[in-house]
$ cat protein-v8.cif   # mmCIF, C-alpha atoms; chains and numbers go by the auth columns
data_upload
loop_
_atom_site.group_PDB
_atom_site.id
_atom_site.type_symbol
_atom_site.label_atom_id
_atom_site.label_comp_id
_atom_site.label_asym_id
_atom_site.label_seq_id
_atom_site.Cartn_x
_atom_site.Cartn_y
_atom_site.Cartn_z
_atom_site.B_iso_or_equiv
_atom_site.auth_seq_id
_atom_site.auth_asym_id
ATOM 1 C CA MET A 1 74.029 -2.743 109.034 0.00 169 A
ATOM 2 C CA GLU A 2 70.625 -1.088 108.892 0.00 170 A
ATOM 3 C CA GLU A 3 68.786 0.588 111.704 0.00 171 A
ATOM 4 C CA PRO A 4 65.022 0.550 111.153 0.00 172 A
ATOM 5 C CA ILE A 5 62.938 3.453 112.328 0.00 173 A
ATOM 6 C CA LYS A 6 59.211 2.731 112.447 0.00 174 A
ATOM 7 C CA VAL A 7 56.996 5.556 111.254 0.00 175 A
ATOM 8 C CA SER A 8 53.368 5.532 112.370 0.00 176 A
ATOM 9 C CA THR A 9 50.772 8.211 111.810 0.00 177 A
ATOM 10 C CA ASN A 10 47.025 8.317 111.325 0.00 178 A
ATOM 11 C CA GLN A 11 47.573 8.593 107.578 0.00 179 A
ATOM 12 C CA GLU A 12 50.319 6.154 106.804 0.00 180 A
ATOM 13 C CA GLU A 13 52.759 3.679 108.250 0.00 181 A
ATOM 14 C CA HIS A 14 56.124 2.831 106.787 0.00 182 A
ATOM 15 C CA THR A 15 59.637 1.943 107.905 0.00 183 A
ATOM 16 C CA MET A 16 62.674 4.130 107.399 0.00 184 A
ATOM 17 C CA ARG A 17 66.021 2.377 107.169 0.00 185 A
ATOM 18 C CA ILE A 18 69.163 4.354 107.815 0.00 186 A
ATOM 19 C CA LYS A 19 72.023 2.485 106.167 0.00 187 A
ATOM 20 C CA PHE A 20 75.502 2.290 107.625 0.00 188 A
ATOM 21 C CA THR A 21 78.675 0.998 106.030 0.00 189 A
ATOM 22 C CA ASP A 22 79.669 -1.434 108.806 0.00 190 A
ATOM 23 C CA THR A 23 78.628 -5.063 108.247 0.00 191 A
ATOM 24 C CA PHE A 24 79.249 -6.738 111.594 0.00 192 A
ATOM 25 C CA LYS A 25 77.407 -9.997 112.139 0.00 193 A
ATOM 26 C CA ILE A 26 75.347 -10.511 115.253 0.00 194 A
ATOM 27 C CA GLY A 27 77.554 -12.006 117.946 0.00 195 A
ATOM 28 C CA THR A 28 80.740 -10.209 116.858 0.00 196 A
ATOM 29 C CA SER A 29 83.183 -9.868 119.739 0.00 197 A
ATOM 30 C CA ILE A 30 83.623 -6.289 120.890 0.00 198 A
ATOM 31 C CA LYS A 31 87.401 -6.873 120.790 0.00 199 A
ATOM 32 C CA ASP A 32 87.216 -7.512 117.045 0.00 200 A
ATOM 33 C CA ILE A 33 85.655 -4.158 116.286 0.00 201 A
ATOM 34 C CA GLU A 34 88.045 -1.402 115.243 0.00 202 A
ATOM 35 C CA VAL A 35 86.797 2.157 115.230 0.00 203 A
ATOM 36 C CA PRO A 36 87.594 3.856 111.885 0.00 204 A
ATOM 37 C CA LYS A 37 90.282 6.497 112.186 0.00 205 A
ATOM 38 C CA GLU A 38 87.826 9.079 110.848 0.00 206 A
ATOM 39 C CA LEU A 39 85.636 8.668 113.928 0.00 207 A
ATOM 40 C CA MET A 40 88.595 9.388 116.194 0.00 208 A
ATOM 41 C CA MET A 41 88.938 12.888 114.774 0.00 209 A
ATOM 42 C CA ARG A 42 87.267 16.122 115.858 0.00 210 A
ATOM 43 C CA HIS A 43 86.710 19.359 113.967 0.00 211 A
ATOM 44 C CA LEU A 44 86.594 22.660 115.825 0.00 212 A
ATOM 45 C CA THR A 45 84.402 25.519 114.675 0.00 213 A
ATOM 46 C CA GLY A 46 86.663 28.111 116.267 0.00 214 A
ATOM 47 C CA ILE A 47 83.628 29.515 118.096 0.00 215 A
ATOM 48 C CA ASP A 48 84.245 28.972 121.807 0.00 216 A
ATOM 49 C CA TRP A 49 80.618 28.713 122.919 0.00 217 A
ATOM 50 C CA VAL A 50 79.792 26.146 120.214 0.00 218 A
ATOM 51 C CA ASP A 51 82.897 23.991 120.705 0.00 219 A
ATOM 52 C CA ALA A 52 82.541 24.070 124.487 0.00 220 A
ATOM 53 C CA ALA A 53 78.899 22.991 124.282 0.00 221 A
ATOM 54 C CA LEU A 54 79.983 20.001 122.171 0.00 222 A
ATOM 55 C CA GLY A 55 82.431 18.836 124.827 0.00 223 A
ATOM 56 C CA GLY A 56 85.315 21.134 123.958 0.00 224 A
ATOM 57 C CA GLU A 57 86.460 19.326 120.817 0.00 225 A
ATOM 58 C CA GLY A 58 83.893 20.275 118.192 0.00 226 A
ATOM 59 C CA PHE A 59 82.164 17.974 115.702 0.00 227 A
ATOM 60 C CA THR A 60 82.820 14.287 115.047 0.00 228 A
ATOM 61 C CA PRO A 61 82.898 13.111 111.388 0.00 229 A
ATOM 62 C CA SER A 62 79.595 11.490 110.251 0.00 230 A
ATOM 63 C CA MET A 63 77.684 13.573 112.792 0.00 231 A
ATOM 64 C CA VAL A 64 74.213 14.776 111.812 0.00 232 A
ATOM 65 C CA THR A 65 73.216 17.846 113.802 0.00 233 A
ATOM 66 C CA MET A 66 69.908 19.644 113.997 0.00 234 A
ATOM 67 C CA PHE A 67 69.996 23.332 114.873 0.00 235 A
ATOM 68 C CA SER A 68 66.619 24.664 115.976 0.00 236 A
ATOM 69 C CA GLY A 69 65.753 28.088 117.254 0.00 237 A
ATOM 70 C CA GLU A 70 63.052 30.636 117.783 0.00 238 A
ATOM 71 C CA PRO A 71 62.391 33.254 115.075 0.00 239 A
ATOM 72 C CA GLY A 72 64.901 36.102 115.252 0.00 240 A
ATOM 73 C CA ALA A 73 67.151 34.358 117.762 0.00 241 A
ATOM 74 C CA GLY A 74 70.065 34.238 115.331 0.00 242 A
ATOM 75 C CA LYS A 75 70.179 30.769 113.782 0.00 243 A
ATOM 76 C CA THR A 76 71.460 32.024 110.433 0.00 244 A
ATOM 77 C CA THR A 77 74.004 34.295 112.124 0.00 245 A
ATOM 78 C CA SER A 78 75.280 31.320 114.128 0.00 246 A
ATOM 79 C CA MET A 79 75.405 29.007 111.114 0.00 247 A
ATOM 80 C CA LEU A 80 77.340 31.519 109.036 0.00 248 A
ATOM 81 C CA ALA A 81 79.804 32.086 111.878 0.00 249 A
ATOM 82 C CA MET A 82 80.307 28.308 112.131 0.00 250 A
ATOM 83 C CA ALA A 83 80.769 28.026 108.362 0.00 251 A
ATOM 84 C CA SER A 84 83.440 30.726 108.470 0.00 252 A
ATOM 85 C CA GLY A 85 85.195 29.229 111.488 0.00 253 A
ATOM 86 C CA LEU A 86 85.184 25.676 110.144 0.00 254 A
ATOM 87 C CA THR A 87 86.628 26.874 106.837 0.00 255 A
ATOM 88 C CA GLN A 88 89.397 28.759 108.595 0.00 256 A
ATOM 89 C CA ASN A 89 90.221 25.606 110.560 0.00 257 A
ATOM 90 C CA GLY A 90 90.754 23.582 107.378 0.00 258 A
ATOM 91 C CA SER A 91 87.327 22.111 106.636 0.00 259 A
ATOM 92 C CA ILE A 92 85.428 22.460 103.388 0.00 260 A
ATOM 93 C CA CYS A 93 82.022 23.942 104.167 0.00 261 A
ATOM 94 C CA LEU A 94 79.031 24.212 101.838 0.00 262 A
ATOM 95 C CA PHE A 95 76.252 26.486 103.120 0.00 263 A
ATOM 96 C CA ASN A 96 73.048 25.808 101.183 0.00 264 A
ATOM 97 C CA THR A 97 70.284 28.305 101.848 0.00 265 A
ATOM 98 C CA VAL A 98 66.654 27.952 100.854 0.00 266 A
ATOM 99 C CA GLU A 99 65.299 30.377 103.448 0.00 267 A
ATOM 100 C CA GLU A 100 67.221 33.442 102.260 0.00 268 A
ATOM 101 C CA SER A 101 68.783 34.610 99.007 0.00 269 A
ATOM 102 C CA LEU A 102 72.549 34.488 98.640 0.00 270 A
ATOM 103 C CA PHE A 103 72.509 38.283 98.427 0.00 271 A
ATOM 104 C CA GLN A 104 71.033 38.405 101.930 0.00 272 A
ATOM 105 C CA VAL A 105 73.602 35.880 103.120 0.00 273 A
ATOM 106 C CA LYS A 106 76.448 37.965 101.670 0.00 274 A
ATOM 107 C CA ARG A 107 75.136 41.087 103.384 0.00 275 A
ATOM 108 C CA THR A 108 75.114 39.271 106.725 0.00 276 A
ATOM 109 C CA VAL A 109 78.640 37.977 106.136 0.00 277 A
ATOM 110 C CA ASN A 110 79.812 41.516 105.379 0.00 278 A
ATOM 111 C CA ARG A 111 78.074 42.922 108.471 0.00 279 A
ATOM 112 C CA LEU A 112 79.642 40.288 110.723 0.00 280 A
ATOM 113 C CA GLN A 113 83.014 40.658 108.953 0.00 281 A
ATOM 114 C CA LEU A 114 83.392 36.886 108.674 0.00 282 A
ATOM 115 C CA PRO A 115 86.760 35.995 107.107 0.00 283 A
ATOM 116 C CA GLY A 116 86.204 32.351 106.143 0.00 284 A
ATOM 117 C CA ASN A 117 85.813 31.643 102.404 0.00 285 A
ATOM 118 C CA PHE A 118 83.099 28.975 102.625 0.00 286 A
ATOM 119 C CA LEU A 119 81.077 27.739 99.643 0.00 287 A
ATOM 120 C CA THR A 120 77.405 28.474 99.009 0.00 288 A
ATOM 121 C CA GLY A 121 74.376 27.068 97.223 0.00 289 A
ATOM 122 C CA SER A 122 70.639 27.592 96.962 0.00 290 A
ATOM 123 C CA GLU A 123 69.314 24.225 95.796 0.00 291 A
ATOM 124 C CA THR A 124 66.000 22.859 97.068 0.00 292 A
ATOM 125 C CA ASN A 125 66.231 19.222 95.937 0.00 293 A
ATOM 126 C CA VAL A 126 68.110 17.123 98.475 0.00 294 A
ATOM 127 C CA ASP A 127 69.531 14.747 95.835 0.00 295 A
ATOM 128 C CA ASP A 128 70.925 17.699 93.876 0.00 296 A
ATOM 129 C CA ILE A 129 72.456 19.103 97.054 0.00 297 A
ATOM 130 C CA ILE A 130 74.182 15.807 97.842 0.00 298 A
ATOM 131 C CA ALA A 131 75.386 15.441 94.237 0.00 299 A
ATOM 132 C CA GLY A 132 76.783 18.972 94.342 0.00 300 A
ATOM 133 C CA ALA A 133 78.513 18.289 97.640 0.00 301 A
ATOM 134 C CA ASP A 134 80.100 15.110 96.257 0.00 302 A
ATOM 135 C CA LYS A 135 81.341 17.012 93.208 0.00 303 A
ATOM 136 C CA ILE A 136 83.042 19.544 95.483 0.00 304 A
ATOM 137 C CA ARG A 137 84.499 16.770 97.664 0.00 305 A
ATOM 138 C CA SER A 138 85.966 15.021 94.608 0.00 306 A
ATOM 139 C CA LEU A 139 88.046 18.013 93.518 0.00 307 A
ATOM 140 C CA PRO A 140 91.773 17.248 93.859 0.00 308 A
ATOM 141 C CA GLU A 141 92.348 20.169 96.221 0.00 309 A
ATOM 142 C CA ASN A 142 89.552 18.979 98.543 0.00 310 A
ATOM 143 C CA LYS A 143 90.257 15.269 98.785 0.00 311 A
ATOM 144 C CA GLY A 144 90.910 14.126 102.342 0.00 312 A
ATOM 145 C CA LYS A 145 89.648 17.345 103.909 0.00 313 A
ATOM 146 C CA PRO A 146 86.793 17.402 106.446 0.00 314 A
ATOM 147 C CA PHE A 147 83.501 18.308 104.774 0.00 315 A
ATOM 148 C CA PHE A 148 80.496 20.086 106.278 0.00 316 A
ATOM 149 C CA LEU A 149 77.125 20.466 104.569 0.00 317 A
ATOM 150 C CA MET A 150 74.969 23.121 106.224 0.00 318 A
ATOM 151 C CA ILE A 151 71.334 23.541 105.175 0.00 319 A
ATOM 152 C CA ASP A 152 68.913 26.353 106.006 0.00 320 A
ATOM 153 C CA SER A 153 66.335 24.933 106.380 0.00 321 A
ATOM 154 C CA LEU A 154 65.245 21.294 106.501 0.00 322 A
ATOM 155 C CA GLN A 155 61.534 22.027 106.125 0.00 323 A
ATOM 156 C CA CYS A 156 62.113 23.833 102.800 0.00 324 A
ATOM 157 C CA LEU A 157 63.772 20.866 101.064 0.00 325 A
ATOM 158 C CA ASP A 158 62.193 18.727 98.344 0.00 326 A
ATOM 159 C CA ASP A 159 63.144 15.038 98.320 0.00 327 A
ATOM 160 C CA GLY A 160 61.688 14.383 94.852 0.00 328 A
ATOM 161 C CA HIS A 161 59.045 12.014 96.158 0.00 329 A
ATOM 162 C CA PHE A 162 56.308 13.855 94.257 0.00 330 A
ATOM 163 C CA SER A 163 56.810 14.795 90.605 0.00 331 A
ATOM 164 C CA THR A 164 54.887 18.011 91.236 0.00 332 A
ATOM 165 C CA GLY A 165 57.346 19.098 93.910 0.00 333 A
ATOM 166 C CA ARG A 166 54.640 18.954 96.576 0.00 334 A
ATOM 167 C CA ILE A 167 55.975 19.091 100.142 0.00 335 A
ATOM 168 C CA THR A 168 54.174 17.278 102.957 0.00 336 A
ATOM 169 C CA CYS A 169 54.884 16.632 106.624 0.00 337 A
ATOM 170 C CA HIS A 170 56.915 13.561 105.613 0.00 338 A
ATOM 171 C CA THR A 171 59.159 15.384 103.118 0.00 339 A
ATOM 172 C CA ALA A 172 61.496 16.614 105.852 0.00 340 A
ATOM 173 C CA GLU A 173 61.746 13.085 107.278 0.00 341 A
ATOM 174 C CA ARG A 174 62.708 11.564 103.935 0.00 342 A
ATOM 175 C CA SER A 175 65.171 14.404 103.252 0.00 343 A
ATOM 176 C CA LEU A 176 66.799 13.938 106.644 0.00 344 A
ATOM 177 C CA GLU A 177 67.011 10.194 106.019 0.00 345 A
ATOM 178 C CA LYS A 178 68.944 10.770 102.785 0.00 346 A
ATOM 179 C CA LEU A 179 71.272 13.284 104.411 0.00 347 A
ATOM 180 C CA THR A 180 71.917 10.963 107.365 0.00 348 A
ATOM 181 C CA GLU A 181 72.728 8.008 105.120 0.00 349 A
ATOM 182 C CA TRP A 182 75.135 10.169 103.093 0.00 350 A
ATOM 183 C CA ALA A 183 76.894 11.490 106.198 0.00 351 A
ATOM 184 C CA LYS A 184 77.360 8.020 107.711 0.00 352 A
ATOM 185 C CA GLU A 185 78.662 6.476 104.490 0.00 353 A
ATOM 186 C CA ASN A 186 81.161 9.265 103.772 0.00 354 A
ATOM 187 C CA PHE A 187 82.193 10.476 107.247 0.00 355 A
ATOM 188 C CA THR A 188 80.887 13.905 106.319 0.00 356 A
ATOM 189 C CA ASN A 189 79.069 16.279 108.663 0.00 357 A
ATOM 190 C CA VAL A 190 75.552 17.599 108.146 0.00 358 A
ATOM 191 C CA ILE A 191 74.043 20.517 110.067 0.00 359 A
ATOM 192 C CA VAL A 192 70.421 21.366 109.298 0.00 360 A
ATOM 193 C CA VAL A 193 68.379 24.284 110.568 0.00 361 A
ATOM 194 C CA SER A 194 64.949 23.181 111.725 0.00 362 A
ATOM 195 C CA GLN A 195 61.910 25.323 112.322 0.00 363 A
ATOM 196 C CA VAL A 196 60.070 25.538 115.638 0.00 364 A
ATOM 197 C CA THR A 197 56.447 25.975 116.675 0.00 365 A
ATOM 198 C CA LYS A 198 54.974 29.235 117.990 0.00 366 A
ATOM 199 C CA GLY A 199 55.736 27.936 121.473 0.00 367 A
ATOM 200 C CA GLY A 200 59.426 27.605 120.613 0.00 368 A
ATOM 201 C CA GLN A 201 59.386 23.793 120.480 0.00 369 A
ATOM 202 C CA PHE A 202 60.997 21.671 117.775 0.00 370 A
ATOM 203 C CA ALA A 203 58.685 21.418 114.738 0.00 371 A
ATOM 204 C CA GLY A 204 59.005 17.794 113.733 0.00 372 A
ATOM 205 C CA SER A 205 58.334 14.214 114.668 0.00 373 A
ATOM 206 C CA ASN A 206 60.047 12.148 117.344 0.00 374 A
ATOM 207 C CA LYS A 207 61.472 9.856 114.661 0.00 375 A
ATOM 208 C CA MET A 208 63.441 12.811 113.281 0.00 376 A
ATOM 209 C CA LYS A 209 64.872 13.350 116.757 0.00 377 A
ATOM 210 C CA HIS A 210 66.009 9.720 116.785 0.00 378 A
ATOM 211 C CA MET A 211 67.782 10.070 113.423 0.00 379 A
ATOM 212 C CA ILE A 212 70.027 12.942 114.445 0.00 380 A
ATOM 213 C CA ASP A 213 73.202 12.669 116.525 0.00 381 A
ATOM 214 C CA ALA A 214 73.022 16.109 118.106 0.00 382 A
ATOM 215 C CA HIS A 215 70.441 18.805 118.694 0.00 383 A
ATOM 216 C CA LEU A 216 71.479 22.419 119.243 0.00 384 A
ATOM 217 C CA HIS A 217 68.871 24.971 120.257 0.00 385 A
ATOM 218 C CA LEU A 218 68.984 28.762 120.296 0.00 386 A
ATOM 219 C CA GLY A 219 66.204 30.667 121.996 0.00 387 A
ATOM 220 C CA TRP A 220 65.420 33.653 124.185 0.00 388 A
ATOM 221 C CA GLU A 221 65.749 33.744 127.961 0.00 389 A
ATOM 222 C CA LYS A 222 62.275 34.389 129.346 0.00 390 A
ATOM 223 C CA LYS A 223 62.518 33.588 133.070 0.00 391 A
ATOM 224 C CA ASP A 224 65.759 34.805 134.648 0.00 392 A
ATOM 225 C CA LYS A 225 65.206 38.494 135.379 0.00 393 A
ATOM 226 C CA ASP A 226 68.917 39.275 135.010 0.00 394 A
ATOM 227 C CA LEU A 227 69.157 37.613 131.595 0.00 395 A
ATOM 228 C CA ILE A 228 65.745 38.214 130.056 0.00 396 A
ATOM 229 C CA GLY A 229 66.092 39.139 126.385 0.00 397 A
ATOM 230 C CA HIS A 230 69.470 37.431 125.960 0.00 398 A
ATOM 231 C CA ARG A 231 69.903 34.486 123.620 0.00 399 A
ATOM 232 C CA LYS A 232 70.080 31.086 125.279 0.00 400 A
ATOM 233 C CA PHE A 233 72.170 28.385 123.561 0.00 401 A
ATOM 234 C CA GLU A 234 72.128 24.762 124.683 0.00 402 A
ATOM 235 C CA VAL A 235 72.877 21.256 123.429 0.00 403 A
ATOM 236 C CA GLN A 236 69.806 19.119 124.032 0.00 404 A
ATOM 237 C CA LYS A 237 71.273 15.918 122.587 0.00 405 A
ATOM 238 C CA ASN A 238 74.798 14.773 121.728 0.00 406 A
ATOM 239 C CA ARG A 239 75.684 11.156 120.968 0.00 407 A
ATOM 240 C CA PHE A 240 79.355 12.038 120.585 0.00 408 A
ATOM 241 C CA GLY A 241 79.828 14.047 123.759 0.00 409 A
ATOM 242 C CA GLY A 242 78.210 15.601 126.756 0.00 410 A
ATOM 243 C CA THR A 243 75.306 17.954 127.214 0.00 411 A
ATOM 244 C CA GLY A 244 74.408 20.248 130.077 0.00 412 A
ATOM 245 C CA ARG A 245 76.236 23.444 129.152 0.00 413 A
ATOM 246 C CA THR A 246 74.102 26.540 128.602 0.00 414 A
ATOM 247 C CA SER A 247 75.390 29.864 127.318 0.00 415 A
ATOM 248 C CA TRP A 248 73.586 33.207 127.409 0.00 416 A
ATOM 249 C CA MET A 249 74.653 35.707 124.799 0.00 417 A
ATOM 250 C CA ALA A 250 74.139 39.264 123.673 0.00 418 A
ATOM 251 C CA MET A 251 74.017 40.194 120.005 0.00 419 A
ATOM 252 C CA THR A 252 76.638 42.701 118.882 0.00 420 A
ATOM 253 C CA SER A 253 77.457 44.197 115.502 0.00 421 A
ATOM 254 C CA LYS A 254 79.960 41.381 114.962 0.00 422 A
ATOM 255 C CA GLY A 255 77.872 38.485 116.249 0.00 423 A
ATOM 256 C CA PHE A 256 77.285 36.921 119.640 0.00 424 A
ATOM 257 C CA GLU A 257 79.117 37.735 122.855 0.00 425 A
ATOM 258 C CA VAL A 258 78.803 35.340 125.800 0.00 426 A
ATOM 259 C CA VAL A 259 77.592 37.029 129.011 0.00 427 A
ATOM 260 C CA ALA A 260 76.928 33.966 131.222 0.00 428 A
ATOM 261 C CA VAL A 261 77.548 30.222 131.276 0.00 429 A
ATOM 262 C CA GLU A 262 76.052 27.409 133.335 0.00 430 A
ATOM 263 C CA GLU A 263 77.320 23.821 133.614 0.00 431 A
ATOM 264 C CA THR A 264 75.013 21.088 134.907 0.00 432 A
#
$ encode --input "protein-v8.cif" --output "structure tokens"
Amino acid sequence: MEEPIKVSTNQEEHTMRIKFTDTFKIGTSIKDIEVPKELMMRHLTGIDWVDAALGGEGFTPSMVTMFSGEPGAGKTTSMLAMASGLTQNGSICLFNTVEESLFQVKRTVNRLQLPGNFLTGSETNVDDIIAGADKIRSLPENKGKPFFLMIDSLQCLDDGHFSTGRITCHTAERSLEKLTEWAKENFTNVIVVSQVTKGGQFAGSNKMKHMIDAHLHLGWEKKDKDLIGHRKFEVQKNRFGGTGRTSWMAMTSKGFEVVAVEET
């Protein structure tokens, strides 16, 4: 089955098609549809404030998650903590960084004293990243294990559309399309960091918002006088669970510490 996503801008118009592996014909009885066993599973990060925000059970296989945040809020710190926690809980996790060098990543891991032995990469081409992930997944010791691909960040990827390596406003859309198709076909999880505007809003098109299954956002509290300056973490979209939980956190030498929670 294919889900078309119409793309319209002043410069070009084309149609994205996100491919899925199910092939149900129109008119199929709902009673004849069996949910794959993979979609009945959940994978915990081991980080209470992340798992709770996702409904208490963590990530669903095939889930594509966007993680946006304001500069300096702690997106990379959060992603590394999730990579460590997921690995400790039995998942295979590949953290591919384009924003920072692996030396910087290792220094952060040491500072936070993260124990999980997750895998790393620093590729820019999305096809090479997917090929590398599949090679890791195919290893005998990894077969059958949950797999997470984490990318920092989406806007720095090259989808190979231009032979010169030129990146345009549509490069991130095409890269996300490829990652989404791969996740859906293989029941793998993708988490991508996305940049924000100076006003703290998501830097991307609405069609990218439609492609993703979940949207996590980390920012700064700017209104509540008792919590001003604390990080504010919320789930703005979640197709596989609820939203409405907000956590406020303080940064410590070993990562985030929750100081307040609100359920709506």
$ residues_around --input "protein-v8.cif" --residues "Gly312 in chain A" --least-positions-apart "4" --cutoff "12 Å" --atoms "only C-alpha atoms" --output "ChimeraX atom specification"
/A:206,258-260,304-308,354-356
$ resolve_selection --input "protein-v8.cif" --expression "the PyMOL selection byres ((chain A and resi 242) around 9)" --output "short mmCIF file (atom, residue, chain, number, x, y, z; two decimals) with C-alpha atoms, in the coordinates of the input"
data_model
loop_
_atom_site.label_atom_id
_atom_site.label_comp_id
_atom_site.auth_asym_id
_atom_site.auth_seq_id
_atom_site.Cartn_x
_atom_site.Cartn_y
_atom_site.Cartn_z
CA GLY A 237 65.75 28.09 117.25
CA GLU A 238 63.05 30.64 117.78
CA PRO A 239 62.39 33.25 115.08
CA GLY A 240 64.90 36.10 115.25
CA ALA A 241 67.15 34.36 117.76
CA LYS A 243 70.18 30.77 113.78
CA THR A 244 71.46 32.02 110.43
CA THR A 245 74.00 34.30 112.12
CA SER A 246 75.28 31.32 114.13
CA MET A 247 75.40 29.01 111.11
CA LEU A 386 68.98 28.76 120.30
CA GLY A 387 66.20 30.67 122.00
CA ARG A 399 69.90 34.49 123.62
CA MET A 419 74.02 40.19 120.00
CA GLY A 423 77.87 38.48 116.25
CA PHE A 424 77.28 36.92 119.64
#
$ axis_aligned_box --input "protein-v8.cif" --around "range 344-362 of chain A" --padding-each-side "3 Å" --output "lines of an AutoDock Vina configuration file"
center_x = 73.6
center_y = 15.4
center_z = 107.3
size_x = 23.2
size_y = 23.8
size_z = 14.9
$ resolve_selection --input "protein-v8.cif" --expression "the PyMOL selection byres ((chain A and resi 217) around 10)" --output "MDAnalysis selection string"
chainID A and resid 213:216 218:222 224 401:402 413:417 424:426 429
$ closest_residue --input "protein-v8.cif" --among "A:Ser252, A:Thr228, A:Thr196, A:Asn278" --to "Asn406 in chain A" --atoms "all atoms listed in the file"
A:Thr228
$ atom_distance --input "protein-v8.cif" --atom1 "CA of Phe408 in chain A" --atom2 "CA of Ser197 in chain A"
22.3 Å
$ residues_around --input "protein-v8.cif" --residues "range 328-341 of chain A" --least-positions-apart "3" --cutoff "8 Å" --atoms "all atoms listed in the file" --output "list in words"
Asn293, Val294, Asp295, Leu322, Gln323, Cys324, Leu325, Leu344, Glu345 and Met376 of chain A
$ write_last_selection --input "protein-v8.cif" --atoms "C-alpha atoms" --output "compact mmCIF listing (two decimals), keeping the file's coordinate frame"
# COMPACT_ATOMS: atom_id res chain seq x y z
CA ASN A 293 66.23 19.22 95.94
CA VAL A 294 68.11 17.12 98.48
CA ASP A 295 69.53 14.75 95.84
CA LEU A 322 65.24 21.29 106.50
CA GLN A 323 61.53 22.03 106.12
CA CYS A 324 62.11 23.83 102.80
CA LEU A 325 63.77 20.87 101.06
CA LEU A 344 66.80 13.94 106.64
CA GLU A 345 67.01 10.19 106.02
CA MET A 376 63.44 12.81 113.28
$ build_atoms --input "protein-v8.cif" --residues "range 248-262 of chain A" --atoms "N, CA and C atoms" --output "compact mmCIF listing (two decimals), in the coordinates of the input"
# COMPACT_ATOMS: atom_id res chain seq x y z
N LEU A 248 76.33 30.87 109.87
CA LEU A 248 77.34 31.52 109.04
C LEU A 248 78.66 31.67 109.78
N ALA A 249 78.58 31.98 111.07
CA ALA A 249 79.80 32.09 111.88
C ALA A 249 80.50 30.73 111.96
N MET A 250 79.72 29.65 112.10
CA MET A 250 80.31 28.31 112.13
C MET A 250 80.92 27.96 110.79
N ALA A 251 80.23 28.31 109.69
CA ALA A 251 80.77 28.03 108.36
C ALA A 251 82.11 28.73 108.16
N SER A 252 82.19 29.97 108.59
CA SER A 252 83.44 30.73 108.47
C SER A 252 84.54 30.11 109.33
N GLY A 253 84.20 29.79 110.58
CA GLY A 253 85.20 29.23 111.49
C GLY A 253 85.69 27.86 111.05
N LEU A 254 84.79 27.00 110.61
CA LEU A 254 85.18 25.68 110.14
C LEU A 254 86.11 25.77 108.94
N THR A 255 85.79 26.69 108.02
CA THR A 255 86.63 26.87 106.84
C THR A 255 88.02 27.35 107.22
N GLN A 256 88.09 28.27 108.15
CA GLN A 256 89.40 28.76 108.60
C GLN A 256 90.22 27.68 109.29
N ASN A 257 89.52 26.70 109.88
CA ASN A 257 90.22 25.61 110.56
C ASN A 257 90.52 24.43 109.64
N GLY A 258 90.32 24.60 108.34
CA GLY A 258 90.75 23.58 107.38
C GLY A 258 89.66 22.71 106.80
N SER A 259 88.42 22.90 107.19
CA SER A 259 87.33 22.11 106.64
C SER A 259 86.79 22.76 105.36
N ILE A 260 86.18 21.95 104.53
CA ILE A 260 85.43 22.46 103.39
C ILE A 260 83.98 22.57 103.84
N CYS A 261 83.38 23.72 103.66
CA CYS A 261 82.02 23.94 104.17
C CYS A 261 81.14 24.49 103.05
N LEU A 262 80.02 23.78 102.82
CA LEU A 262 79.03 24.21 101.84
C LEU A 262 77.78 24.65 102.58
